[in-house]
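Everything below concerns the one structure shown next.
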Amino acid sequence: GFDGHQPYSPEEVREALQIGPDAPIITTDARHRAEAKSGLITLVEHALLARLH
């Protein structure tokens, strides 16, 4: 099972998905509401800021 274990590092995820160095990689457990919420807020903030540049 998952059990909170992250099998891949953020760098491995970035490389696999071809995500640029400026995009945030967030590791969170979506089963924990507060963690998932803060992760979504970070992503939305990044997306909004990216649109302004």
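Identifiers in the structure tokens: chain A, B, ... in order shown; residue index from 1 per chain; ligand index from 1 in order shown.
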
I'd like the contact shell of range 11-26 of chain A - 12 Å cut-off, only C-alpha atoms, skipping same-chain residues fewer than 5 positions apart - returned as a PyMOL selection string. chain A and resi 6+35-47+49-50

In range 4-46 of chain A, what's helix (DSSP H, G or I) per DSSP? Answer as a ChimeraX atom specification? /A:10-17,33-46

Put those residues in a file: N, CA, C and O atoms, as a PDB file, in the first residue's frame.
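result-v1.pdb, freshly written:
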ATOM      1  N   PRO A  10      10.933  14.203  -5.920  1.00  0.00           N
ATOM      2  CA  PRO A  10      10.402  15.278  -6.768  1.00  0.00           C
ATOM      3  C   PRO A  10      11.186  15.439  -8.076  1.00  0.00           C
ATOM      4  O   PRO A  10      10.603  15.705  -9.122  1.00  0.00           O
ATOM      5  N   GLU A  11      12.505  15.233  -8.015  1.00  0.00           N
ATOM      6  CA  GLU A  11      13.321  15.351  -9.223  1.00  0.00           C
ATOM      7  C   GLU A  11      12.965  14.281 -10.253  1.00  0.00           C
ATOM      8  O   GLU A  11      12.928  14.551 -11.457  1.00  0.00           O
ATOM      9  N   GLU A  12      12.699  13.063  -9.778  1.00  0.00           N
ATOM     10  CA  GLU A  12      12.315  11.977 -10.688  1.00  0.00           C
ATOM     11  C   GLU A  12      10.960  12.272 -11.333  1.00  0.00           C
ATOM     12  O   GLU A  12      10.760  12.010 -12.517  1.00  0.00           O
ATOM     13  N   VAL A  13      10.033  12.808 -10.549  1.00  0.00           N
ATOM     14  CA  VAL A  13       8.710  13.155 -11.082  1.00  0.00           C
ATOM     15  C   VAL A  13       8.847  14.262 -12.128  1.00  0.00           C
ATOM     16  O   VAL A  13       8.274  14.193 -13.211  1.00  0.00           O
ATOM     17  N   ARG A  14       9.628  15.277 -11.817  1.00  0.00           N
ATOM     18  CA  ARG A  14       9.853  16.397 -12.731  1.00  0.00           C
ATOM     19  C   ARG A  14      10.410  15.898 -14.076  1.00  0.00           C
ATOM     20  O   ARG A  14       9.944  16.284 -15.138  1.00  0.00           O
ATOM     21  N   GLU A  15      11.404  15.019 -14.007  1.00  0.00           N
ATOM     22  CA  GLU A  15      12.022  14.487 -15.223  1.00  0.00           C
ATOM     23  C   GLU A  15      11.049  13.617 -16.016  1.00  0.00           C
ATOM     24  O   GLU A  15      10.930  13.739 -17.227  1.00  0.00           O
ATOM     25  N   ALA A  16      10.320  12.752 -15.311  1.00  0.00           N
ATOM     26  CA  ALA A  16       9.390  11.839 -15.980  1.00  0.00           C
ATOM     27  C   ALA A  16       8.271  12.603 -16.693  1.00  0.00           C
ATOM     28  O   ALA A  16       7.843  12.212 -17.779  1.00  0.00           O
ATOM     29  N   LEU A  17       7.808  13.688 -16.093  1.00  0.00           N
ATOM     30  CA  LEU A  17       6.693  14.444 -16.665  1.00  0.00           C
ATOM     31  C   LEU A  17       7.160  15.642 -17.493  1.00  0.00           C
ATOM     32  O   LEU A  17       6.342  16.409 -17.984  1.00  0.00           O
ATOM     33  N   ARG A  33      -6.935  16.053   4.483  1.00  0.00           N
ATOM     34  CA  ARG A  33      -7.588  17.224   3.911  1.00  0.00           C
ATOM     35  C   ARG A  33      -6.730  18.497   3.946  1.00  0.00           C
ATOM     36  O   ARG A  33      -6.616  19.200   2.947  1.00  0.00           O
ATOM     37  N   ALA A  34      -6.112  18.788   5.081  1.00  0.00           N
ATOM     38  CA  ALA A  34      -5.318  20.019   5.203  1.00  0.00           C
ATOM     39  C   ALA A  34      -4.116  19.992   4.259  1.00  0.00           C
ATOM     40  O   ALA A  34      -3.800  20.995   3.616  1.00  0.00           O
ATOM     41  N   GLU A  35      -3.458  18.839   4.162  1.00  0.00           N
ATOM     42  CA  GLU A  35      -2.307  18.707   3.262  1.00  0.00           C
ATOM     43  C   GLU A  35      -2.727  18.899   1.814  1.00  0.00           C
ATOM     44  O   GLU A  35      -2.076  19.605   1.057  1.00  0.00           O
ATOM     45  N   ALA A  36      -3.800  18.252   1.423  1.00  0.00           N
ATOM     46  CA  ALA A  36      -4.273  18.348   0.043  1.00  0.00           C
ATOM     47  C   ALA A  36      -4.682  19.787  -0.267  1.00  0.00           C
ATOM     48  O   ALA A  36      -4.383  20.312  -1.343  1.00  0.00           O
ATOM     49  N   LYS A  37      -5.335  20.434   0.685  1.00  0.00           N
ATOM     50  CA  LYS A  37      -5.786  21.809   0.496  1.00  0.00           C
ATOM     51  C   LYS A  37      -4.599  22.749   0.312  1.00  0.00           C
ATOM     52  O   LYS A  37      -4.589  23.574  -0.609  1.00  0.00           O
ATOM     53  N   SER A  38      -3.583  22.630   1.154  1.00  0.00           N
ATOM     54  CA  SER A  38      -2.427  23.523   1.021  1.00  0.00           C
ATOM     55  C   SER A  38      -1.680  23.250  -0.282  1.00  0.00           C
ATOM     56  O   SER A  38      -1.171  24.179  -0.912  1.00  0.00           O
ATOM     57  N   GLY A  39      -1.641  21.991  -0.704  1.00  0.00           N
ATOM     58  CA  GLY A  39      -1.006  21.662  -1.981  1.00  0.00           C
ATOM     59  C   GLY A  39      -1.732  22.292  -3.154  1.00  0.00           C
ATOM     60  O   GLY A  39      -1.119  22.852  -4.066  1.00  0.00           O
ATOM     61  N   LEU A  40      -3.065  22.235  -3.133  1.00  0.00           N
ATOM     62  CA  LEU A  40      -3.856  22.845  -4.207  1.00  0.00           C
ATOM     63  C   LEU A  40      -3.686  24.362  -4.220  1.00  0.00           C
ATOM     64  O   LEU A  40      -3.578  24.972  -5.283  1.00  0.00           O
ATOM     65  N   ILE A  41      -3.644  24.966  -3.042  1.00  0.00           N
ATOM     66  CA  ILE A  41      -3.456  26.422  -2.960  1.00  0.00           C
ATOM     67  C   ILE A  41      -2.116  26.802  -3.585  1.00  0.00           C
ATOM     68  O   ILE A  41      -2.031  27.753  -4.365  1.00  0.00           O
ATOM     69  N   THR A  42      -1.073  26.059  -3.273  1.00  0.00           N
ATOM     70  CA  THR A  42       0.247  26.339  -3.840  1.00  0.00           C
ATOM     71  C   THR A  42       0.217  26.249  -5.356  1.00  0.00           C
ATOM     72  O   THR A  42       0.765  27.111  -6.057  1.00  0.00           O
ATOM     73  N   LEU A  43      -0.433  25.211  -5.889  1.00  0.00           N
ATOM     74  CA  LEU A  43      -0.498  25.043  -7.344  1.00  0.00           C
ATOM     75  C   LEU A  43      -1.291  26.160  -8.017  1.00  0.00           C
ATOM     76  O   LEU A  43      -0.887  26.679  -9.057  1.00  0.00           O
ATOM     77  N   VAL A  44      -2.410  26.535  -7.426  1.00  0.00           N
ATOM     78  CA  VAL A  44      -3.229  27.608  -8.002  1.00  0.00           C
ATOM     79  C   VAL A  44      -2.472  28.930  -7.972  1.00  0.00           C
ATOM     80  O   VAL A  44      -2.472  29.679  -8.950  1.00  0.00           O
ATOM     81  N   GLU A  45      -1.803  29.222  -6.851  1.00  0.00           N
ATOM     82  CA  GLU A  45      -1.012  30.452  -6.761  1.00  0.00           C
ATOM     83  C   GLU A  45       0.059  30.473  -7.843  1.00  0.00           C
ATOM     84  O   GLU A  45       0.272  31.490  -8.499  1.00  0.00           O
ATOM     85  N   HIS A  46       0.732  29.343  -8.044  1.00  0.00           N
ATOM     86  CA  HIS A  46       1.773  29.273  -9.078  1.00  0.00           C
ATOM     87  C   HIS A  46       1.178  29.518 -10.463  1.00  0.00           C
ATOM     88  O   HIS A  46       1.734  30.261 -11.261  1.00  0.00           O
TER      89      HIS A  46
END
